[in-house]
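Source file: start-v7.txt. Holds: compact mmCIF, C-alpha atoms and all ligand atoms.
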```txt
# COMPACT_ATOMS: atom_id res chain seq x y z
CA MET W 1 22.03 24.73 -14.77
CA ALA W 2 20.42 24.57 -11.36
CA TRP W 3 17.13 23.26 -10.07
CA PRO W 4 14.60 26.11 -9.97
CA GLU W 5 15.05 28.63 -7.16
CA GLY W 6 13.19 27.48 -4.02
CA PHE W 7 12.55 23.95 -5.37
CA LEU W 8 11.24 21.81 -2.47
CA TRP W 9 13.21 18.68 -1.64
CA GLY W 10 11.71 16.45 0.97
CA THR W 11 9.64 13.53 2.05
CA ALA W 12 5.94 12.96 2.73
CA GLN W 13 4.04 10.97 5.34
CA SER W 14 0.56 10.83 6.85
CA ALA W 15 -0.31 10.97 10.55
CA HIS W 16 -2.02 7.57 10.80
CA GLN W 17 0.79 5.67 9.10
CA VAL W 18 3.57 6.83 11.42
CA GLU W 19 2.20 8.24 14.69
CA GLY W 20 0.82 5.10 16.31
CA GLY W 21 -2.11 4.83 18.72
CA ASN W 22 -4.69 6.66 16.62
CA VAL W 23 -7.39 4.80 18.51
CA ASN W 24 -10.22 7.20 17.73
CA SER W 25 -10.22 6.90 13.93
CA ASP W 26 -12.37 4.90 11.55
CA TRP W 27 -9.20 3.18 10.28
CA TRP W 28 -8.22 1.95 13.75
CA HIS W 29 -11.69 0.48 14.13
CA TRP W 30 -11.52 -1.06 10.63
CA GLU W 31 -8.11 -2.62 11.41
CA HIS W 32 -9.65 -4.42 14.39
CA GLN W 33 -12.79 -5.68 12.69
CA ALA W 34 -13.16 -9.18 11.31
CA GLY W 35 -13.71 -9.52 7.58
CA THR W 36 -11.85 -6.43 6.40
CA PRO W 37 -8.86 -6.76 4.05
CA CYS W 38 -6.50 -5.46 6.78
CA ARG W 39 -3.47 -7.65 7.24
CA GLU W 40 -2.47 -6.26 10.64
CA PRO W 41 -3.35 -3.29 12.85
CA SER W 42 -1.32 -0.07 12.77
CA GLY W 43 -0.60 -0.34 16.51
CA ASP W 44 2.30 1.86 17.55
CA ALA W 45 3.25 2.45 13.89
CA CYS W 46 6.67 4.20 13.94
CA ASP W 47 5.89 6.00 17.21
CA PHE W 48 6.41 9.28 15.36
CA TYR W 49 3.96 10.81 17.84
CA HIS W 50 6.74 10.70 20.44
CA ARG W 51 9.83 10.49 18.25
CA TYR W 52 9.12 13.39 15.89
CA ARG W 53 12.14 15.40 17.07
CA GLU W 54 14.50 12.59 16.12
CA ASP W 55 12.91 12.21 12.67
CA ILE W 56 12.88 15.93 11.97
CA ALA W 57 16.56 16.17 12.91
CA LEU W 58 17.23 13.18 10.66
CA MET W 59 15.43 14.83 7.73
CA ARG W 60 17.69 17.84 8.03
CA ASP W 61 20.77 15.74 8.56
CA LEU W 62 20.02 13.79 5.37
CA GLY W 63 19.92 17.07 3.44
CA PHE W 64 16.19 17.66 2.90
CA ASP W 65 14.50 21.04 3.31
CA THR W 66 10.76 20.25 3.26
CA PHE W 67 8.60 17.89 5.30
CA ARG W 68 5.04 17.01 4.30
CA LEU W 69 3.29 15.68 7.37
CA GLY W 70 -0.25 15.11 8.50
CA VAL W 71 -2.39 16.17 11.41
CA GLU W 72 -5.01 13.69 12.59
CA TRP W 73 -8.59 14.91 12.67
CA ALA W 74 -9.58 12.12 15.10
CA ARG W 75 -7.11 13.50 17.67
CA ILE W 76 -7.95 17.15 17.11
CA GLU W 77 -11.75 16.70 17.23
CA PRO W 78 -12.26 13.48 19.22
CA ALA W 79 -16.00 14.08 19.51
CA GLN W 80 -18.11 16.24 17.22
CA GLY W 81 -17.57 19.87 18.10
CA GLU W 82 -15.03 19.10 20.88
CA PHE W 83 -11.58 20.33 19.91
CA SER W 84 -8.49 19.24 21.80
CA ARG W 85 -6.24 22.13 22.72
CA ALA W 86 -3.61 19.64 23.91
CA GLU W 87 -3.44 17.86 20.54
CA LEU W 88 -3.24 21.15 18.66
CA ASP W 89 -0.39 22.14 20.99
CA HIS W 90 1.29 18.84 20.18
CA TYR W 91 1.13 19.59 16.45
CA ARG W 92 2.45 23.10 17.10
CA ARG W 93 5.46 21.54 18.81
CA VAL W 94 6.01 19.24 15.82
CA LEU W 95 5.91 22.16 13.38
CA GLU W 96 8.10 24.26 15.67
CA ALA W 97 10.68 21.47 15.63
CA CYS W 98 10.62 21.65 11.81
CA ARG W 99 11.24 25.40 12.03
CA GLU W 100 14.14 24.89 14.45
CA HIS W 101 15.73 22.50 11.97
CA GLY W 102 15.18 24.76 8.99
CA LEU W 103 12.53 22.56 7.36
CA ARG W 104 9.63 24.04 5.43
CA THR W 105 6.32 22.40 6.33
CA MET W 106 3.48 21.12 4.18
CA VAL W 107 0.56 20.19 6.40
CA THR W 108 -1.96 17.55 5.25
CA PHE W 109 -5.32 18.05 6.97
CA HIS W 110 -6.91 14.82 5.80
CA HIS W 111 -5.16 11.63 4.73
CA PHE W 112 -7.70 8.76 4.43
CA SER W 113 -8.64 8.44 8.14
CA LEU W 114 -11.66 10.11 9.78
CA PRO W 115 -12.74 10.50 13.39
CA ARG W 116 -14.90 7.50 14.28
CA TRP W 117 -17.97 9.67 14.82
CA LEU W 118 -17.90 10.77 11.16
CA GLY W 119 -18.41 9.26 7.69
CA PHE W 120 -17.94 10.78 4.23
CA LEU W 121 -21.69 10.62 3.64
CA HIS W 122 -22.59 12.73 6.70
CA ALA W 123 -25.09 15.32 5.42
CA ASP W 124 -22.76 18.17 6.41
CA PHE W 125 -19.39 16.57 5.69
CA ALA W 126 -18.01 19.65 3.91
CA GLY W 127 -19.17 21.97 6.68
CA LEU W 128 -17.57 19.80 9.35
CA PHE W 129 -14.33 19.62 7.36
CA GLU W 130 -14.33 23.38 6.95
CA ARG W 131 -14.79 23.93 10.69
CA TYR W 132 -12.02 21.45 11.53
CA CYS W 133 -9.63 23.06 9.02
CA ASP W 134 -10.48 26.48 10.38
CA ARG W 135 -9.77 25.48 13.98
CA ALA W 136 -6.60 23.57 13.17
CA ALA W 137 -5.23 26.19 10.77
CA ALA W 138 -5.89 28.97 13.28
CA ALA W 139 -3.98 27.03 15.94
CA LEU W 140 -1.06 26.23 13.61
CA ALA W 141 -0.84 29.61 11.87
CA GLY W 142 2.69 30.90 11.47
CA LEU W 143 4.08 27.38 11.19
CA VAL W 144 2.44 26.19 7.97
CA ASP W 145 4.37 26.91 4.76
CA PHE W 146 2.04 24.95 2.48
CA GLY W 147 -1.53 23.87 3.19
CA TYR W 148 -2.72 20.56 1.78
CA THR W 149 -6.41 19.76 2.22
CA ILE W 150 -7.14 16.16 1.24
CA ASN W 151 -4.90 13.28 0.21
CA GLU W 152 -6.10 11.34 -2.83
CA PRO W 153 -9.85 11.95 -2.53
CA GLU W 154 -10.53 9.45 -5.30
CA GLY W 155 -8.97 6.75 -3.08
CA CYS W 156 -11.51 7.38 -0.31
CA ALA W 157 -14.41 7.25 -2.79
CA VAL W 158 -13.30 4.29 -4.94
CA GLY W 159 -11.65 2.37 -2.08
CA GLY W 160 -14.60 2.83 0.28
CA TRP W 161 -17.49 2.33 -2.16
CA VAL W 162 -16.25 0.35 -5.18
CA THR W 163 -13.33 -1.93 -4.29
CA GLY W 164 -13.98 -2.16 -0.54
CA VAL W 165 -10.36 -1.76 0.56
CA ASN W 166 -11.02 1.37 2.64
CA PRO W 167 -13.72 1.83 5.28
CA PRO W 168 -16.68 1.43 5.12
CA GLY W 169 -15.82 -1.41 2.72
CA ARG W 170 -18.71 -1.15 0.24
CA LYS W 171 -18.27 -2.80 -3.13
CA GLY W 172 -19.64 -1.88 -6.53
CA ASP W 173 -21.64 1.14 -5.31
CA VAL W 174 -20.76 3.66 -8.02
CA ALA W 175 -23.61 6.01 -7.06
CA GLY W 176 -22.32 6.09 -3.47
CA MET W 177 -18.80 6.69 -4.81
CA TRP W 178 -19.98 9.78 -6.68
CA GLN W 179 -21.78 11.09 -3.62
CA VAL W 180 -18.53 10.81 -1.67
CA ALA W 181 -16.60 12.46 -4.50
CA GLU W 182 -19.05 15.40 -4.53
CA ALA W 183 -18.75 15.78 -0.75
CA LEU W 184 -14.95 15.81 -1.04
CA LEU W 185 -14.96 18.35 -3.90
CA GLU W 186 -17.02 20.67 -1.73
CA ALA W 187 -14.87 19.91 1.33
CA HIS W 188 -11.72 20.79 -0.60
CA ARG W 189 -13.21 24.05 -1.87
CA ARG W 190 -14.24 25.15 1.62
CA GLY W 191 -11.24 23.73 3.47
CA ALA W 192 -8.70 25.37 1.14
CA ARG W 193 -10.41 28.72 1.58
CA VAL W 194 -10.18 28.72 5.38
CA ILE W 195 -6.64 27.30 5.48
CA ARG W 196 -5.50 30.09 3.16
CA ALA W 197 -7.35 32.71 5.18
CA ARG W 198 -5.91 31.53 8.51
CA THR W 199 -2.33 30.79 7.47
CA GLY W 200 -1.71 32.78 4.29
CA ALA W 201 0.00 29.63 2.99
CA PRO W 202 -0.27 28.46 -0.63
CA THR W 203 -2.79 25.64 -0.47
CA GLY W 204 -3.72 22.75 -2.73
CA ILE W 205 -4.73 19.10 -2.91
CA GLY W 206 -2.78 15.94 -3.77
CA LEU W 207 -4.13 13.52 -6.38
CA ALA W 208 -3.20 9.91 -7.08
CA LEU W 209 -2.36 10.04 -10.76
CA PRO W 210 -1.28 6.69 -12.14
CA ASP W 211 -0.46 6.72 -15.84
CA LEU W 212 -3.31 4.97 -17.67
CA VAL W 213 -2.14 3.75 -21.07
CA TYR W 214 -4.54 2.32 -23.67
CA GLU W 215 -3.08 -0.11 -26.17
CA ASP W 216 -4.39 -1.52 -29.43
CA GLY W 217 -7.08 1.14 -29.82
CA VAL W 218 -8.78 0.17 -26.55
CA GLN W 219 -11.29 2.75 -25.26
CA PRO W 220 -11.49 3.83 -21.59
CA GLY W 221 -14.09 1.94 -19.56
CA ASP W 222 -15.34 1.86 -15.98
CA THR W 223 -12.77 -0.18 -14.08
CA PRO W 224 -11.98 1.17 -10.58
CA PHE W 225 -8.79 2.81 -12.00
CA GLU W 226 -10.86 4.63 -14.58
CA LEU W 227 -13.53 5.67 -12.08
CA GLY W 228 -10.67 7.17 -10.05
CA ASP W 229 -9.48 8.95 -13.18
CA GLN W 230 -12.97 10.40 -13.76
CA ILE W 231 -12.99 11.76 -10.20
CA ASN W 232 -9.48 13.17 -10.60
CA ARG W 233 -10.56 15.10 -13.70
CA ARG W 234 -13.14 16.93 -11.59
CA PHE W 235 -10.49 17.76 -8.99
CA LEU W 236 -7.99 18.93 -11.62
CA GLU W 237 -10.64 21.28 -12.97
CA LEU W 238 -11.33 22.61 -9.48
CA ALA W 239 -7.58 22.95 -8.84
CA ARG W 240 -7.41 25.79 -11.38
CA ALA W 241 -8.40 28.00 -8.44
CA ASP W 242 -5.64 26.60 -6.19
CA ASP W 243 -2.04 27.60 -5.55
CA TYR W 244 -0.60 24.27 -6.60
CA VAL W 245 -1.60 20.71 -7.43
CA GLY W 246 0.12 17.78 -5.75
CA VAL W 247 1.03 15.01 -8.18
CA GLN W 248 1.27 11.53 -6.61
CA THR W 249 2.37 8.84 -9.00
CA TYR W 250 3.59 5.31 -8.45
CA HIS W 251 2.37 3.21 -11.37
CA ARG W 252 1.61 2.73 -14.99
CA ILE W 253 -1.48 0.68 -15.79
CA ARG W 254 -1.74 -0.63 -19.32
CA PHE W 255 -5.14 -1.54 -20.74
CA GLY W 256 -5.42 -4.15 -23.46
CA ALA W 257 -8.45 -5.69 -25.12
CA ASP W 258 -9.00 -7.87 -22.01
CA GLY W 259 -8.78 -5.01 -19.51
CA PRO W 260 -5.96 -3.86 -17.23
CA ARG W 261 -2.69 -5.73 -17.82
CA GLY W 262 -1.43 -5.25 -14.29
CA VAL W 263 0.14 -2.44 -12.33
CA GLU W 264 3.81 -1.64 -12.96
CA ALA W 265 6.31 0.57 -11.15
CA HIS W 266 7.46 2.53 -14.19
CA PRO W 267 9.40 5.78 -13.68
CA PRO W 268 8.22 7.49 -16.91
CA ALA W 269 4.70 7.34 -15.45
CA LEU W 270 5.72 10.31 -13.29
CA GLY W 271 6.49 12.43 -16.37
CA SER W 272 3.18 11.48 -18.01
CA SER W 273 1.20 12.36 -14.88
CA ILE W 274 2.98 15.68 -14.40
CA ARG W 275 2.12 16.62 -18.01
CA LYS W 276 -1.48 15.52 -17.56
CA ALA W 277 -1.90 17.62 -14.39
CA TRP W 278 -0.24 20.57 -16.13
CA ARG W 279 -2.70 20.32 -19.06
CA GLU W 280 -5.85 19.64 -17.09
CA ALA W 281 -5.33 22.10 -14.25
CA GLY W 282 -4.52 24.80 -16.77
CA GLY W 283 -0.97 25.69 -15.78
CA VAL W 284 -1.29 25.80 -11.98
CA PRO W 285 2.18 25.13 -10.41
CA LEU W 286 2.82 21.49 -9.60
CA ILE W 287 4.56 19.82 -6.71
CA VAL W 288 5.34 16.10 -6.72
CA THR W 289 3.85 15.42 -3.28
CA GLU W 290 4.44 11.62 -3.43
CA ASN W 291 6.55 9.29 -5.52
CA GLY W 292 8.51 6.19 -4.65
CA ILE W 293 8.73 2.44 -5.06
CA GLU W 294 7.86 -0.42 -2.75
CA THR W 295 10.85 -2.69 -2.64
CA PRO W 296 13.16 -4.24 -0.06
CA ASP W 297 15.97 -3.75 -2.64
CA ASP W 298 17.47 -0.34 -1.95
CA GLY W 299 19.61 -0.42 -5.10
CA ALA W 300 16.43 -0.82 -7.11
CA ARG W 301 15.00 2.18 -5.23
CA ILE W 302 17.96 4.34 -6.23
CA ALA W 303 17.65 3.27 -9.86
CA TYR W 304 13.92 4.01 -9.82
CA LEU W 305 14.38 7.44 -8.22
CA GLU W 306 17.15 8.39 -10.60
CA ALA W 307 14.87 7.66 -13.55
CA ALA W 308 11.88 9.39 -11.92
CA LEU W 309 13.93 12.54 -11.24
CA GLY W 310 15.06 12.41 -14.87
CA GLU W 311 11.37 12.72 -15.74
CA VAL W 312 11.04 15.79 -13.52
CA ARG W 313 14.04 17.32 -15.31
CA LYS W 314 12.47 16.65 -18.71
CA CYS W 315 9.22 18.29 -17.63
CA LEU W 316 11.14 21.35 -16.38
CA ALA W 317 12.98 21.56 -19.71
CA GLU W 318 9.59 21.47 -21.48
CA GLY W 319 8.53 24.51 -19.45
CA VAL W 320 6.28 22.78 -16.91
CA ASP W 321 6.28 24.66 -13.60
CA VAL W 322 7.28 21.89 -11.17
CA ARG W 323 8.18 23.32 -7.77
CA GLY W 324 9.24 20.37 -5.69
CA TYR W 325 9.77 16.67 -5.19
CA LEU W 326 8.65 14.95 -1.99
CA HIS W 327 9.49 11.28 -1.70
CA TRP W 328 7.06 8.78 -0.19
CA SER W 329 8.30 8.25 2.39
CA LEU W 330 10.90 8.93 5.04
CA LEU W 331 10.17 5.82 7.12
CA ASP W 332 9.12 2.26 6.42
CA ASN W 333 5.62 2.93 7.66
CA PHE W 334 2.22 1.30 7.97
CA GLU W 335 0.70 0.71 4.54
CA TRP W 336 -3.05 0.77 5.23
CA SER W 337 -4.63 -2.65 4.62
CA ARG W 338 -1.24 -4.03 3.56
CA GLY W 339 0.35 -3.64 6.99
CA TYR W 340 4.09 -3.20 7.45
CA GLU W 341 5.22 -5.43 4.61
CA PRO W 342 5.61 -3.13 1.60
CA ARG W 343 8.66 -0.92 1.98
CA PHE W 344 8.65 2.57 0.52
CA GLY W 345 10.91 4.19 3.12
CA LEU W 346 14.36 5.71 2.89
CA VAL W 347 14.80 4.70 6.53
CA GLU W 348 14.23 1.30 8.08
CA VAL W 349 12.37 1.19 11.39
CA ASP W 350 13.00 -1.59 13.90
CA ARG W 351 9.53 -2.87 14.82
CA GLU W 352 10.59 -3.69 18.42
CA THR W 353 12.83 -0.78 19.41
CA PHE W 354 11.68 1.86 16.87
CA GLU W 355 15.33 2.45 16.01
CA ARG W 356 15.77 4.29 12.69
CA ARG W 357 18.38 3.03 10.22
CA PRO W 358 18.84 5.15 7.10
CA LYS W 359 19.28 3.14 3.92
CA PRO W 360 21.86 4.21 1.29
CA SER W 361 19.01 5.75 -0.75
CA ALA W 362 18.33 8.24 2.07
CA ARG W 363 21.69 10.00 1.72
CA TRP W 364 21.67 9.52 -2.03
CA LEU W 365 18.37 11.40 -2.41
CA GLY W 366 19.28 13.90 0.31
CA ALA W 367 22.29 14.99 -1.77
CA TYR W 368 20.08 16.31 -4.61
CA PRO W 369 19.36 19.76 -3.17
CA ARG W 370 23.06 20.61 -3.43
CA LEU W 371 23.50 19.40 -7.00
CA GLY W 372 23.09 21.07 -10.36
CA LEU W 373 20.26 20.06 -12.66
CA ALA W 374 22.41 17.80 -14.78
CA GLN W 375 24.11 15.98 -11.90
CA THR W 376 23.23 12.76 -10.11
CA PRO W 377 24.59 11.78 -6.69
CA ARG W 378 27.14 9.00 -6.65
CA SER W 379 25.63 5.85 -5.12
C1 LIG H 401 -0.98 7.18 -0.20
C2 LIG H 401 -0.10 6.77 0.94
C3 LIG H 401 0.43 5.36 0.70
C4 LIG H 401 1.20 5.36 -0.59
C5 LIG H 401 1.90 4.07 -0.89
C6 LIG H 401 -0.49 6.77 -1.55
O1 LIG H 401 -1.54 6.43 -2.36
O2 LIG H 401 -1.23 8.55 -0.13
O3 LIG H 401 -0.80 6.89 2.13
O4 LIG H 401 1.21 4.91 1.75
O5 LIG H 401 0.33 5.65 -1.63
O6 LIG H 401 1.03 2.99 -0.95
```

Could you take the file, read its structure, and then write that structure out as C-alpha cells?
Ligand code: BGC
Amino acid sequence: MAWPEGFLWGTAQSAHQVEGGNVNSDWWHWEHQAGTPCREPSGDACDFYHRYREDIALMRDLGFDTFRLGVEWARIEPAQGEFSRAELDHYRRVLEACREHGLRTMVTFHHFSLPRWLGFLHADFAGLFERYCDRAAAALAGLVDFGYTINEPEGCAVGGWVTGVNPPGRKGDVAGMWQVAEALLEAHRRGARVIRARTGAPTGIGLALPDLVYEDGVQPGDTPFELGDQINRRFLELARADDYVGVQTYHRIRFGADGPRGVEAHPPALGSSIRKAWREAGGVPLIVTENGIETPDDGARIAYLEAALGEVRKCLAEGVDVRGYLHWSLLDNFEWSRGYEPRFGLVEVDRETFERRPKPSARWLGAYPRLGLAQTPRS
C-alpha cells in the first residue's frame, strides 16, 4: 500500500515570519508600538529573503517535494496602486529556485500581514485584494503549482477585533469581527478567481481548524474559539467552489460546564478536523497545509508527527480525499506576538549567524515520501 499518487510532502511558512525586514507592513508597525502583546520585533527573522536558495536546497535534500511559501503584499504594493517590479522579480527567482530543485510550489498571497496603508475594513478591501492577486499571479504565472489566497481568515477577524492579539488590537467588537469576516469571504472569492485565471493552478484557502470538543452535554457558546468556528463554517461552505481546502490543525480544545478547559496539542485533533472539513466542504479535496507542535523536545515532535500522520492514514482508509501533508514549519521562525520562543521548526536557526541546523525530526519526516503507507521512518 502506497500513499496516494502525487501526495504532497512538504513544509509551510509565511513571508513575514521568515523573510526579515518587512518594514512596510502593519505587523512591523504593531511590533514596534507600545502596549501591544508583541514580545519582540520580527527584525531580520530567518533572513529567508536572502537565504532562500539555501533553504530550498535543504528542503530537497531532506526529501520533501512541496514548499508552501508566502509573498508579501507590503513589498509588492508598497503604496496603494504602486506595484514593485523588483519585488515581483525577487519572488520569481524564489519560485524558480524551487523549480530547479524539483519542488512544487504553493503560494500564499496573504498570511496575516497587510501593507501599512491598508486595513481589513477599507471600503474596497476585496477589490484591492483582487487587484493585488491579479498583478502578483500574472507576474508569477508558470511557477505556481497551487494558489492559496488567505491564511486563517478567522484569525485576522477574531485576533484583530475580539481578542486583540493581531493588529489593530480591538477587543470584544464582535460586529467589527463579522465585518472583517465578510470582507475576507469576498476577498477570497475574488482573489481565487483571478489567481486561477492567471496561473491555471488549483486554488484554495487554509483554515485554522482546532478540534472543539464539548463534554458533559455542554452547548456551544460565543467564546473566541467558537466565534472562529462560526466564521470557518462560512468559509467551508464557500470552499465547495474551490479546488481544495487547506486544513490547519494544532490543538484540541475541550469545553466543560465552566468553559474551555485549556488548549492541548493532541494528534487525533488532526483526524477530527480533516473529517469536519470533508463533511462541511462537501467532498472538496483536502490538503493538510499546516500541522506541527511547539516544543524544544525534538523526540516529542517525532512522536507527535507519527501519531498525526497515523490520523491522515486513517482518514485515507475511510475514503477521505487527502492530497498532501505540509508541516509547519521548516525553520524555527518568528511566531507573531510570541516572538522567537515557541519552536515549531524542523530546523534550528542560529539567531546571530542565521546558520541552519536540521533537527533529527527533519530527516525523519523527509523520509516519508519514499515509504509505503504502513511504514514509519526509523528515528
Ligand atoms: C499560523 C502560523 C503560525 C502557526 C503556529 C498558524 O495559525 O498560520 O503563521 O506560525 O499557526 O503558531

Selection near segment 1-11 of chain W, 9 Å with only C-alpha atoms, sequence-local residues under 5 positions removed, as a count of residues only:
32

Do you know which residues are within 8 Å of ligand LIG 401 (chain H) using all atoms listed in the file? Can you write them as an MDAnalysis selection string?
chainID W and resid 13:14 17 111:112 151:152 155 208 248 250 290 292 294 328:329 333:336 344

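Shortest separation to Val71 of chain W among W:Val218, W:Ala139, W:Ala181, W:Val107 occurs at residue W:Val107, atoms counted being all atoms listed in the file.
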
For a test of reading the model, state the distance in Å between atom CA of Arg275 of chain W and atom CA of Phe235 of chain W, rounded to one decimal.
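Result for atom CA of Arg275 of chain W versus atom CA of Phe235 of chain W: 15.5 Å, one decimal.
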
Among the residues W:Phe146, W:Phe83, W:Tyr304, W:Tyr49, the one that comes closest to Asn291 of chain W [using only C-alpha atoms]:
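Of W:Phe146, W:Phe83, W:Tyr304, W:Tyr49, the one nearest Asn291 of chain W is W:Tyr304, counting only C-alpha atoms.
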
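With only C-alpha atoms as the atoms that count, the minimum distance from Arg60 of chain W to the choices W:Ile76, W:Ala362, W:Leu309, W:Ala257 is reached by W:Ala362.
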
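Of the listed residues W:Arg198, W:Leu331, W:Leu143, W:Pro220, the one whose atoms come nearest to Val349 of chain W is W:Leu331, with distances taken using only C-alpha atoms.
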